[in-house]
>>> print(open('entry.cif').read())   # mmCIF, C-alpha atoms and all ligand atoms
data_run
loop_
_atom_site.label_atom_id
_atom_site.label_comp_id
_atom_site.auth_asym_id
_atom_site.auth_seq_id
_atom_site.Cartn_x
_atom_site.Cartn_y
_atom_site.Cartn_z
CA MET A 68 51.10 139.26 -30.07
CA SER A 69 49.88 140.20 -33.52
CA SER A 70 50.87 143.44 -35.20
CA ARG A 71 47.26 144.28 -35.96
CA LYS A 72 46.09 147.49 -34.33
CA PRO A 73 43.02 146.92 -32.13
CA PHE A 74 39.86 148.63 -33.34
CA ILE A 75 36.98 149.44 -31.00
CA ALA A 76 33.90 150.71 -32.83
CA GLY A 77 30.56 151.74 -31.41
CA ASN A 78 27.34 151.06 -33.29
CA TRP A 79 24.61 153.42 -32.16
CA LYS A 80 21.90 151.81 -34.33
CA MET A 81 18.69 153.92 -34.44
CA ASN A 82 19.39 155.75 -31.19
CA HIS A 83 20.12 159.30 -30.02
CA THR A 84 19.04 162.73 -31.17
CA MET A 85 21.52 165.13 -32.74
CA GLY A 86 21.71 166.95 -29.40
CA GLU A 87 22.73 163.70 -27.68
CA ALA A 88 25.24 162.97 -30.42
CA GLN A 89 26.74 166.41 -29.93
CA ALA A 90 26.94 165.92 -26.15
CA PHE A 91 28.74 162.60 -26.75
CA MET A 92 31.27 164.24 -29.04
CA GLU A 93 31.92 166.97 -26.48
CA ALA A 94 32.26 164.41 -23.67
CA VAL A 95 34.89 162.30 -25.45
CA LYS A 96 36.94 165.29 -26.63
CA GLY A 97 40.53 165.01 -25.43
CA LYS A 98 39.77 161.72 -23.60
CA LEU A 99 40.34 159.13 -26.31
CA PRO A 100 43.38 156.87 -25.93
CA ASP A 101 46.54 157.26 -27.97
CA ALA A 102 45.62 156.51 -31.58
CA SER A 103 48.89 154.66 -32.09
CA LYS A 104 47.65 152.01 -29.59
CA VAL A 105 43.99 151.62 -30.61
CA GLU A 106 41.73 152.82 -33.36
CA THR A 107 38.30 154.09 -32.31
CA ALA A 108 35.13 154.79 -34.29
CA ILE A 109 31.45 155.47 -33.90
CA ALA A 110 28.90 154.20 -36.41
CA ALA A 111 26.04 156.68 -36.24
CA PRO A 112 22.73 157.24 -38.02
CA ALA A 113 23.45 158.74 -41.46
CA LEU A 114 21.74 162.03 -40.51
CA PHE A 115 24.35 162.68 -37.82
CA LEU A 116 27.47 161.89 -39.82
CA ALA A 117 28.03 165.33 -41.39
CA PRO A 118 27.64 167.29 -38.13
CA MET A 119 29.67 164.70 -36.21
CA ASN A 120 32.39 165.00 -38.83
CA TYR A 121 32.47 168.71 -38.15
CA LEU A 122 32.36 168.24 -34.37
CA ARG A 123 35.26 165.78 -34.28
CA GLN A 124 37.79 168.25 -35.71
CA GLY A 125 41.19 167.46 -34.21
CA GLU A 126 40.00 164.20 -32.63
CA THR A 127 41.23 160.77 -33.65
CA LEU A 128 37.70 159.29 -33.53
CA LYS A 129 36.77 157.76 -36.88
CA LEU A 130 33.21 157.73 -38.18
CA ALA A 131 31.22 154.95 -39.81
CA ALA A 132 27.89 154.65 -41.57
CA GLU A 133 25.62 151.90 -40.26
CA ASN A 134 24.63 150.93 -43.78
CA VAL A 135 25.16 152.02 -47.38
CA TYR A 136 23.77 151.23 -50.83
CA PHE A 137 25.91 149.70 -53.57
CA GLU A 138 25.17 152.27 -56.27
CA ASN A 139 26.82 155.68 -56.23
CA SER A 140 23.86 157.74 -57.46
CA GLY A 141 20.47 157.41 -59.12
CA ALA A 142 16.81 156.75 -58.45
CA PHE A 143 17.17 154.90 -55.13
CA THR A 144 14.99 156.96 -52.82
CA GLY A 145 16.12 156.94 -49.22
CA GLU A 146 19.53 155.39 -49.78
CA ILE A 147 23.00 156.83 -49.20
CA SER A 148 25.95 155.99 -51.41
CA PRO A 149 29.63 155.10 -50.96
CA VAL A 150 30.75 158.29 -52.74
CA MET A 151 28.57 160.42 -50.45
CA LEU A 152 30.36 158.89 -47.46
CA ALA A 153 33.78 159.28 -49.08
CA ASP A 154 33.04 162.88 -49.98
CA LEU A 155 32.33 163.70 -46.33
CA GLY A 156 35.49 161.93 -45.16
CA ILE A 157 33.66 159.06 -43.41
CA GLU A 158 36.18 156.25 -43.03
CA TYR A 159 34.03 153.14 -42.52
CA ALA A 160 30.64 151.61 -43.25
CA ILE A 161 29.10 148.61 -41.50
CA ILE A 162 27.68 146.12 -43.97
CA GLY A 163 25.70 142.97 -43.36
CA HIS A 164 24.74 143.67 -39.75
CA SER A 165 22.41 140.90 -38.62
CA GLU A 166 19.62 143.43 -38.05
CA ARG A 167 19.85 144.52 -41.68
CA ARG A 168 19.95 140.90 -42.84
CA GLU A 169 16.92 140.02 -40.72
CA TYR A 170 14.64 143.08 -40.92
CA PHE A 171 15.64 144.44 -44.33
CA HIS A 172 16.26 141.10 -46.04
CA GLU A 173 19.82 141.85 -47.14
CA THR A 174 21.49 138.94 -48.82
CA ASN A 175 25.13 137.89 -49.02
CA GLU A 176 25.07 139.07 -52.66
CA ASP A 177 23.87 142.58 -51.68
CA ILE A 178 26.55 142.73 -49.00
CA ASN A 179 29.27 141.66 -51.45
CA LYS A 180 28.16 144.41 -53.87
CA LYS A 181 28.32 146.92 -51.02
CA ALA A 182 31.85 145.79 -50.11
CA LYS A 183 33.02 146.28 -53.70
CA ALA A 184 31.33 149.67 -54.04
CA LEU A 185 32.80 150.89 -50.74
CA PHE A 186 36.35 149.89 -51.66
CA ALA A 187 35.93 151.54 -55.06
CA ALA A 188 34.92 154.77 -53.31
CA GLY A 189 37.72 154.58 -50.72
CA VAL A 190 35.57 153.71 -47.68
CA THR A 191 36.51 150.64 -45.61
CA PRO A 192 33.76 148.09 -44.99
CA ILE A 193 33.15 146.51 -41.60
CA LEU A 194 31.67 143.23 -42.81
CA CYS A 195 29.46 141.51 -40.22
CA CYS A 196 28.81 137.81 -39.91
CA GLY A 197 27.26 135.66 -37.23
CA GLU A 198 24.91 132.80 -36.52
CA THR A 199 21.54 132.39 -34.83
CA LEU A 200 21.14 130.56 -31.54
CA GLU A 201 19.63 127.63 -33.43
CA THR A 202 22.69 127.35 -35.69
CA PHE A 203 25.01 127.71 -32.68
CA GLU A 204 23.19 124.99 -30.74
CA ALA A 205 23.25 122.71 -33.78
CA GLY A 206 27.06 123.02 -33.85
CA LYS A 207 26.95 124.62 -37.31
CA THR A 208 28.55 127.99 -36.50
CA ALA A 209 31.79 127.40 -38.43
CA GLU A 210 29.98 126.23 -41.54
CA TRP A 211 27.49 129.14 -41.44
CA VAL A 212 30.00 131.89 -40.79
CA SER A 213 32.42 130.49 -43.40
CA GLY A 214 29.65 130.64 -45.99
CA GLN A 215 28.86 134.26 -45.11
CA ILE A 216 32.53 135.24 -45.35
CA GLU A 217 33.18 133.42 -48.62
CA ALA A 218 30.13 135.06 -50.20
CA GLY A 219 30.92 138.47 -48.73
CA LEU A 220 34.49 138.44 -50.05
CA ALA A 221 33.74 137.12 -53.55
CA GLY A 222 35.75 139.03 -56.14
CA LEU A 223 37.61 141.25 -53.66
CA THR A 224 41.37 141.62 -54.19
CA ALA A 225 44.00 140.53 -51.67
CA GLU A 226 44.88 144.16 -51.04
CA GLN A 227 41.26 145.01 -50.28
CA VAL A 228 40.85 142.07 -47.91
CA SER A 229 44.08 143.02 -46.11
CA ASN A 230 42.46 146.35 -45.29
CA LEU A 231 39.01 144.98 -44.50
CA VAL A 232 37.48 144.78 -41.04
CA ILE A 233 35.29 141.77 -40.27
CA ALA A 234 32.99 141.70 -37.26
CA TYR A 235 31.94 138.33 -35.89
CA GLU A 236 28.68 138.89 -34.05
CA PRO A 237 26.73 135.85 -32.85
CA ILE A 238 23.11 136.96 -33.16
CA TRP A 239 22.25 135.29 -29.83
CA ALA A 240 24.71 137.64 -28.10
CA ILE A 241 23.59 140.94 -29.65
CA GLY A 242 21.67 143.14 -27.24
CA THR A 243 20.87 140.15 -25.04
CA GLY A 244 23.47 140.69 -22.35
CA LYS A 245 24.84 137.22 -23.25
CA THR A 246 28.44 137.67 -24.34
CA ALA A 247 29.95 134.66 -26.06
CA THR A 248 32.73 133.37 -23.83
CA ALA A 249 36.12 134.70 -24.88
CA GLU A 250 37.00 131.13 -25.94
CA ILE A 251 33.96 130.78 -28.23
CA ALA A 252 34.50 134.26 -29.68
CA ASP A 253 38.19 133.54 -30.31
CA GLU A 254 37.46 130.16 -31.85
CA THR A 255 35.00 131.56 -34.37
CA CYS A 256 37.20 134.58 -35.16
CA GLY A 257 39.88 131.95 -35.84
CA VAL A 258 37.52 130.17 -38.23
CA VAL A 259 36.97 133.47 -40.07
CA ARG A 260 40.73 134.00 -40.27
CA SER A 261 41.23 130.49 -41.64
CA VAL A 262 38.65 131.14 -44.38
CA VAL A 263 40.58 134.29 -45.36
CA GLU A 264 43.80 132.24 -45.35
CA LYS A 265 42.28 129.56 -47.56
CA LEU A 266 41.10 132.19 -50.06
CA TYR A 267 43.94 134.74 -49.94
CA GLY A 268 46.93 133.17 -48.16
CA LYS A 269 48.66 133.65 -44.84
CA ALA A 270 49.82 137.27 -45.20
CA VAL A 271 46.30 138.53 -45.92
CA SER A 272 44.81 136.45 -43.11
CA GLU A 273 47.33 137.93 -40.71
CA ALA A 274 46.53 141.46 -41.84
CA VAL A 275 42.71 141.38 -41.77
CA ARG A 276 41.24 142.68 -38.52
CA ILE A 277 38.46 140.69 -36.91
CA GLN A 278 36.26 142.27 -34.26
CA TYR A 279 33.96 140.47 -31.86
CA GLY A 280 30.53 141.94 -31.20
CA GLY A 281 27.70 140.91 -28.88
CA SER A 282 27.02 142.53 -25.50
CA VAL A 283 30.63 143.68 -25.05
CA LYS A 284 30.86 145.74 -21.86
CA PRO A 285 33.68 147.54 -20.04
CA GLU A 286 33.83 144.53 -17.68
CA THR A 287 34.25 141.96 -20.46
CA VAL A 288 36.34 143.82 -23.03
CA GLU A 289 39.76 143.05 -21.56
CA GLU A 290 39.40 139.27 -21.59
CA LEU A 291 38.03 139.32 -25.14
CA MET A 292 40.74 141.62 -26.48
CA ALA A 293 43.48 139.43 -25.00
CA LYS A 294 42.57 136.62 -27.39
CA GLU A 295 44.81 135.83 -30.33
CA ASN A 296 42.21 136.11 -33.07
CA ILE A 297 40.18 139.05 -31.71
CA ASP A 298 41.41 142.41 -32.91
CA GLY A 299 38.73 144.69 -31.56
CA ALA A 300 35.06 145.00 -30.79
CA LEU A 301 31.87 146.23 -32.41
CA VAL A 302 29.79 147.50 -29.53
CA GLY A 303 26.12 148.47 -29.48
CA GLY A 304 24.57 149.31 -26.10
CA ALA A 305 27.80 150.10 -24.26
CA SER A 306 28.83 152.66 -26.89
CA LEU A 307 25.81 154.92 -26.47
CA GLU A 308 27.01 156.87 -23.46
CA ALA A 309 30.38 158.62 -23.59
CA ALA A 310 31.35 157.38 -20.11
CA SER A 311 30.75 153.77 -21.07
CA PHE A 312 32.49 154.13 -24.46
CA LEU A 313 35.52 155.65 -22.72
CA ALA A 314 35.43 152.88 -20.10
CA LEU A 315 35.71 150.30 -22.91
CA LEU A 316 38.93 152.02 -23.95
CA GLU A 317 40.55 152.16 -20.52
CA ILE A 318 42.55 149.00 -21.21
CA TYR A 319 44.54 150.99 -23.76
C1 LIG B 401 25.85 145.43 -32.36
O1 LIG B 401 24.87 146.09 -32.57
O2 LIG B 401 26.64 145.27 -33.29
C2 LIG B 401 26.06 144.89 -31.01
C3 LIG B 401 27.04 144.05 -30.82
O3 LIG B 401 25.20 145.28 -30.02
P1 LIG B 401 25.35 145.02 -28.41
O4 LIG B 401 26.76 145.38 -28.05
O5 LIG B 401 24.34 145.92 -27.78
O6 LIG B 401 25.07 143.56 -28.20
#
>>> encode(input="entry.cif", output="structure tokens", more="lines below")
Ligand code: PEP
Amino acid sequence: MSSRKPFIAGNWKMNHTMGEAQAFMEAVKGKLPDASKVETAIAAPALFLAPMNYLRQGETLKLAAENVYFENSGAFTGEISPVMLADLGIEYAIIGHSERREYFHETNEDINKKAKALFAAGVTPILCCGETLETFEAGKTAEWVSGQIEAGLAGLTAEQVSNLVIAYEPIWAIGTGKTATAEIADETCGVVRSVVEKLYGKAVSEAVRIQYGGSVKPETVEELMAKENIDGALVGGASLEAASFLALLEIY
């Protein structure tokens, strides 16, 4: 058993109204598991973060942005900055989600700048990586994911990487209902950990938390979380409804 605390985070993507977000917050109130056993978070649309921060008073639920820019202020219409998140008390920001890489053309370099800017502001990045079905079928997952991680971590300190969260999300498993088998997920999370070890040494690789994401459901979460290299989950669809989010946490 590792000493890393499991971390289950929901990713709502571009879903819900504020009323639905409020209903979710009310429904999970007092029902989250003991925070000493598992860390929980919801990544929500930026518009909802301030009211959700107010609504979670007294709850252990952490909040995350789904994206962030790498500058702290200036003429960047439409963007939100690391210091804006830090100022609100938002703990995490997802960076490099495959949907942002694909639809908004984010590069490994952009994502690395975001990681640095987040750490500088005191917000912890959840750095996503993952391969397409084509790359998976060509047997090139390890090579692809290693490249994403090396580029994403460039210039980060050992202390920063010890505190980082990495999410391995095979693109072919996101929103498709196709979960990677626990063995595949564990193997690739192990590859990610070995890249961190190569770059930063054993202690850092044993500290960094690596989530699996891709169609995780209450029925599949237990087997995945039992694996040596999987320290949590980043969950899209099954995090939208409070009942389903709470069901994911029943194993704790
Ligand atoms: C995600 O959006 O990060 C994700 C894993 O989605 P889903 O759980 O719906 O596959």
>>> closest_residue(input="entry.cif", among="A:Pro100, A:Gly189, A:Pro118, A:Gly242", to="ligand LIG 401 (chain B)", atoms="all atoms listed in the file")
A:Gly242
>>> residues_near_ligand(input="entry.cif", ligand="ligand LIG 401 (chain B)", cutoff="7 Å", atoms="all atoms listed in the file", output="count of residues only")
18
>>> residues_near_point(input="entry.cif", point="(30.6, 167.6, -32.7)", cutoff="6 Å", atoms="only C-alpha atoms", output="PyMOL selection string")
chain A and resi 89+92+119+121-123
>>> atom_distance(input="entry.cif", atom1="CA of Glu204 (chain A)", atom2="CA of Ala234 (chain A)")
20.4 Å
>>> closest_residue(input="entry.cif", among="A:Glu264, A:Glu226, A:Glu317, A:Glu176", to="Glu286 (chain A)", atoms="all atoms listed in the file")
A:Glu317
>>> residues_around(input="entry.cif", residues="Glu254 (chain A)", least_positions_apart="3", cutoff="10 Å", atoms="all atoms listed in the file", output="list in words")
Ala209, Thr248, Ala249, Glu250, Ile251, Gly257, Val258, Val259, Arg260, Lys294, Glu295, Asn296 and Ile297 of chain A
>>> atom_distance(input="entry.cif", atom1="CA of Gly163 (chain A)", atom2="CA of Phe137 (chain A)")
12.2 Å
>>> atom_distance(input="entry.cif", atom1="CA of Lys180 (chain A)", atom2="CA of Leu307 (chain A)")
29.4 Å
>>> closest_residue(input="entry.cif", among="A:Glu126, A:Asp298, A:Glu289, A:Glu133", to="Trp79 (chain A)", atoms="only C-alpha atoms")
A:Glu133
>>> decode(input="entry.cif", residues="region 171-277 of chain A", atoms="C-alpha atoms", output="PDB file, in the first residue's frame")
ATOM      1  CA  PHE A 171      -8.488  24.423 -28.611  1.00  0.00           C
ATOM      2  CA  HIS A 172      -5.109  23.367 -29.999  1.00  0.00           C
ATOM      3  CA  GLU A 173      -3.241  23.520 -26.698  1.00  0.00           C
ATOM      4  CA  THR A 174       0.335  22.385 -26.966  1.00  0.00           C
ATOM      5  CA  ASN A 175       2.651  20.738 -24.455  1.00  0.00           C
ATOM      6  CA  GLU A 176       4.467  24.100 -24.225  1.00  0.00           C
ATOM      7  CA  ASP A 177       1.239  25.973 -23.311  1.00  0.00           C
ATOM      8  CA  ILE A 178       0.470  23.320 -20.715  1.00  0.00           C
ATOM      9  CA  ASN A 179       3.950  23.559 -19.205  1.00  0.00           C
ATOM     10  CA  LYS A 180       3.561  27.357 -18.926  1.00  0.00           C
ATOM     11  CA  LYS A 181       0.215  26.842 -17.208  1.00  0.00           C
ATOM     12  CA  ALA A 182       1.766  24.389 -14.722  1.00  0.00           C
ATOM     13  CA  LYS A 183       4.482  26.901 -13.814  1.00  0.00           C
ATOM     14  CA  ALA A 184       2.022  29.792 -13.496  1.00  0.00           C
ATOM     15  CA  LEU A 185      -0.326  27.737 -11.309  1.00  0.00           C
ATOM     16  CA  PHE A 186       2.421  26.673  -8.913  1.00  0.00           C
ATOM     17  CA  ALA A 187       3.646  30.266  -8.718  1.00  0.00           C
ATOM     18  CA  ALA A 188       0.133  31.356  -7.714  1.00  0.00           C
ATOM     19  CA  GLY A 189      -0.340  28.513  -5.205  1.00  0.00           C
ATOM     20  CA  VAL A 190      -2.873  26.459  -7.197  1.00  0.00           C
ATOM     21  CA  THR A 191      -2.126  22.763  -7.813  1.00  0.00           C
ATOM     22  CA  PRO A 192      -2.274  21.572 -11.426  1.00  0.00           C
ATOM     23  CA  ILE A 193      -3.979  18.345 -12.457  1.00  0.00           C
ATOM     24  CA  LEU A 194      -1.892  17.615 -15.542  1.00  0.00           C
ATOM     25  CA  CYS A 195      -3.651  15.376 -18.071  1.00  0.00           C
ATOM     26  CA  CYS A 196      -2.014  13.041 -20.538  1.00  0.00           C
ATOM     27  CA  GLY A 197      -3.299  10.249 -22.729  1.00  0.00           C
ATOM     28  CA  GLU A 198      -3.164   8.685 -26.147  1.00  0.00           C
ATOM     29  CA  THR A 199      -5.557   8.257 -29.062  1.00  0.00           C
ATOM     30  CA  LEU A 200      -6.958   4.877 -30.049  1.00  0.00           C
ATOM     31  CA  GLU A 201      -4.615   4.868 -33.045  1.00  0.00           C
ATOM     32  CA  THR A 202      -1.558   5.357 -30.811  1.00  0.00           C
ATOM     33  CA  PHE A 203      -2.844   2.720 -28.378  1.00  0.00           C
ATOM     34  CA  GLU A 204      -3.410   0.191 -31.164  1.00  0.00           C
ATOM     35  CA  ALA A 205       0.037   0.918 -32.600  1.00  0.00           C
ATOM     36  CA  GLY A 206       1.560  -0.017 -29.216  1.00  0.00           C
ATOM     37  CA  LYS A 207       2.982   3.490 -28.786  1.00  0.00           C
ATOM     38  CA  THR A 208       1.170   4.531 -25.595  1.00  0.00           C
ATOM     39  CA  ALA A 209       4.251   4.535 -23.339  1.00  0.00           C
ATOM     40  CA  GLU A 210       6.293   6.586 -25.778  1.00  0.00           C
ATOM     41  CA  TRP A 211       3.475   9.108 -26.349  1.00  0.00           C
ATOM     42  CA  VAL A 212       2.526   9.588 -22.724  1.00  0.00           C
ATOM     43  CA  SER A 213       6.189   9.823 -21.648  1.00  0.00           C
ATOM     44  CA  GLY A 214       6.696  12.638 -24.158  1.00  0.00           C
ATOM     45  CA  GLN A 215       3.652  14.519 -22.841  1.00  0.00           C
ATOM     46  CA  ILE A 216       4.848  14.163 -19.248  1.00  0.00           C
ATOM     47  CA  GLU A 217       8.444  15.170 -19.954  1.00  0.00           C
ATOM     48  CA  ALA A 218       7.265  18.269 -21.822  1.00  0.00           C
ATOM     49  CA  GLY A 219       4.625  19.112 -19.228  1.00  0.00           C
ATOM     50  CA  LEU A 220       7.113  18.926 -16.343  1.00  0.00           C
ATOM     51  CA  ALA A 221       9.970  20.836 -17.996  1.00  0.00           C
ATOM     52  CA  GLY A 222      11.529  23.259 -15.536  1.00  0.00           C
ATOM     53  CA  LEU A 223       9.346  22.303 -12.567  1.00  0.00           C
ATOM     54  CA  THR A 224      11.123  21.755  -9.242  1.00  0.00           C
ATOM     55  CA  ALA A 225      11.155  18.450  -7.355  1.00  0.00           C
ATOM     56  CA  GLU A 226       9.001  19.999  -4.648  1.00  0.00           C
ATOM     57  CA  GLN A 227       6.414  21.115  -7.193  1.00  0.00           C
ATOM     58  CA  VAL A 228       6.297  17.699  -8.860  1.00  0.00           C
ATOM     59  CA  SER A 229       5.899  16.001  -5.464  1.00  0.00           C
ATOM     60  CA  ASN A 230       2.707  18.002  -5.003  1.00  0.00           C
ATOM     61  CA  LEU A 231       1.457  17.652  -8.574  1.00  0.00           C
ATOM     62  CA  VAL A 232      -1.490  15.520  -9.645  1.00  0.00           C
ATOM     63  CA  ILE A 233      -1.230  13.765 -13.008  1.00  0.00           C
ATOM     64  CA  ALA A 234      -4.280  12.284 -14.714  1.00  0.00           C
ATOM     65  CA  TYR A 235      -3.739   9.512 -17.245  1.00  0.00           C
ATOM     66  CA  GLU A 236      -6.750   9.557 -19.535  1.00  0.00           C
ATOM     67  CA  PRO A 237      -6.674   7.398 -22.666  1.00  0.00           C
ATOM     68  CA  ILE A 238      -8.674   9.435 -25.180  1.00  0.00           C
ATOM     69  CA  TRP A 239     -10.389   6.285 -26.474  1.00  0.00           C
ATOM     70  CA  ALA A 240     -11.875   5.745 -22.999  1.00  0.00           C
ATOM     71  CA  ILE A 241     -13.189   9.273 -22.360  1.00  0.00           C
ATOM     72  CA  GLY A 242     -16.960   9.518 -22.603  1.00  0.00           C
ATOM     73  CA  THR A 243     -17.105   6.321 -24.647  1.00  0.00           C
ATOM     74  CA  GLY A 244     -18.148   3.924 -21.906  1.00  0.00           C
ATOM     75  CA  LYS A 245     -14.930   1.976 -22.659  1.00  0.00           C
ATOM     76  CA  THR A 246     -12.879   1.921 -19.472  1.00  0.00           C
ATOM     77  CA  ALA A 247      -9.300   0.801 -19.936  1.00  0.00           C
ATOM     78  CA  THR A 248      -8.886  -2.458 -18.049  1.00  0.00           C
ATOM     79  CA  ALA A 249      -7.461  -1.930 -14.584  1.00  0.00           C
ATOM     80  CA  GLU A 250      -4.281  -3.678 -15.810  1.00  0.00           C
ATOM     81  CA  ILE A 251      -3.817  -1.323 -18.778  1.00  0.00           C
ATOM     82  CA  ALA A 252      -4.580   1.734 -16.639  1.00  0.00           C
ATOM     83  CA  ASP A 253      -2.131   0.589 -13.949  1.00  0.00           C
ATOM     84  CA  GLU A 254       0.573  -0.204 -16.481  1.00  0.00           C
ATOM     85  CA  THR A 255       0.438   3.246 -18.063  1.00  0.00           C
ATOM     86  CA  CYS A 256       0.197   5.019 -14.695  1.00  0.00           C
ATOM     87  CA  GLY A 257       3.348   3.021 -13.866  1.00  0.00           C
ATOM     88  CA  VAL A 258       5.010   4.351 -17.023  1.00  0.00           C
ATOM     89  CA  VAL A 259       4.135   7.902 -15.921  1.00  0.00           C
ATOM     90  CA  ARG A 260       5.603   7.219 -12.482  1.00  0.00           C
ATOM     91  CA  SER A 261       8.794   5.848 -14.026  1.00  0.00           C
ATOM     92  CA  VAL A 262       9.196   9.011 -16.133  1.00  0.00           C
ATOM     93  CA  VAL A 263       8.894  11.083 -12.939  1.00  0.00           C
ATOM     94  CA  GLU A 264      11.464   8.797 -11.278  1.00  0.00           C
ATOM     95  CA  LYS A 265      13.880   9.174 -14.179  1.00  0.00           C
ATOM     96  CA  LEU A 266      13.589  12.970 -14.036  1.00  0.00           C
ATOM     97  CA  TYR A 267      13.266  13.604 -10.287  1.00  0.00           C
ATOM     98  CA  GLY A 268      14.233  10.426  -8.407  1.00  0.00           C
ATOM     99  CA  LYS A 269      12.405   7.806  -6.385  1.00  0.00           C
ATOM    100  CA  ALA A 270      11.073   9.971  -3.535  1.00  0.00           C
ATOM    101  CA  VAL A 271       9.321  12.367  -5.922  1.00  0.00           C
ATOM    102  CA  SER A 272       7.926   9.515  -8.017  1.00  0.00           C
ATOM    103  CA  GLU A 273       6.505   7.944  -4.876  1.00  0.00           C
ATOM    104  CA  ALA A 274       4.908  11.218  -3.803  1.00  0.00           C
ATOM    105  CA  VAL A 275       3.249  12.298  -7.075  1.00  0.00           C
ATOM    106  CA  ARG A 276      -0.387  11.243  -7.333  1.00  0.00           C
ATOM    107  CA  ILE A 277      -1.562   9.705 -10.580  1.00  0.00           C
TER     108      ILE A 277
END
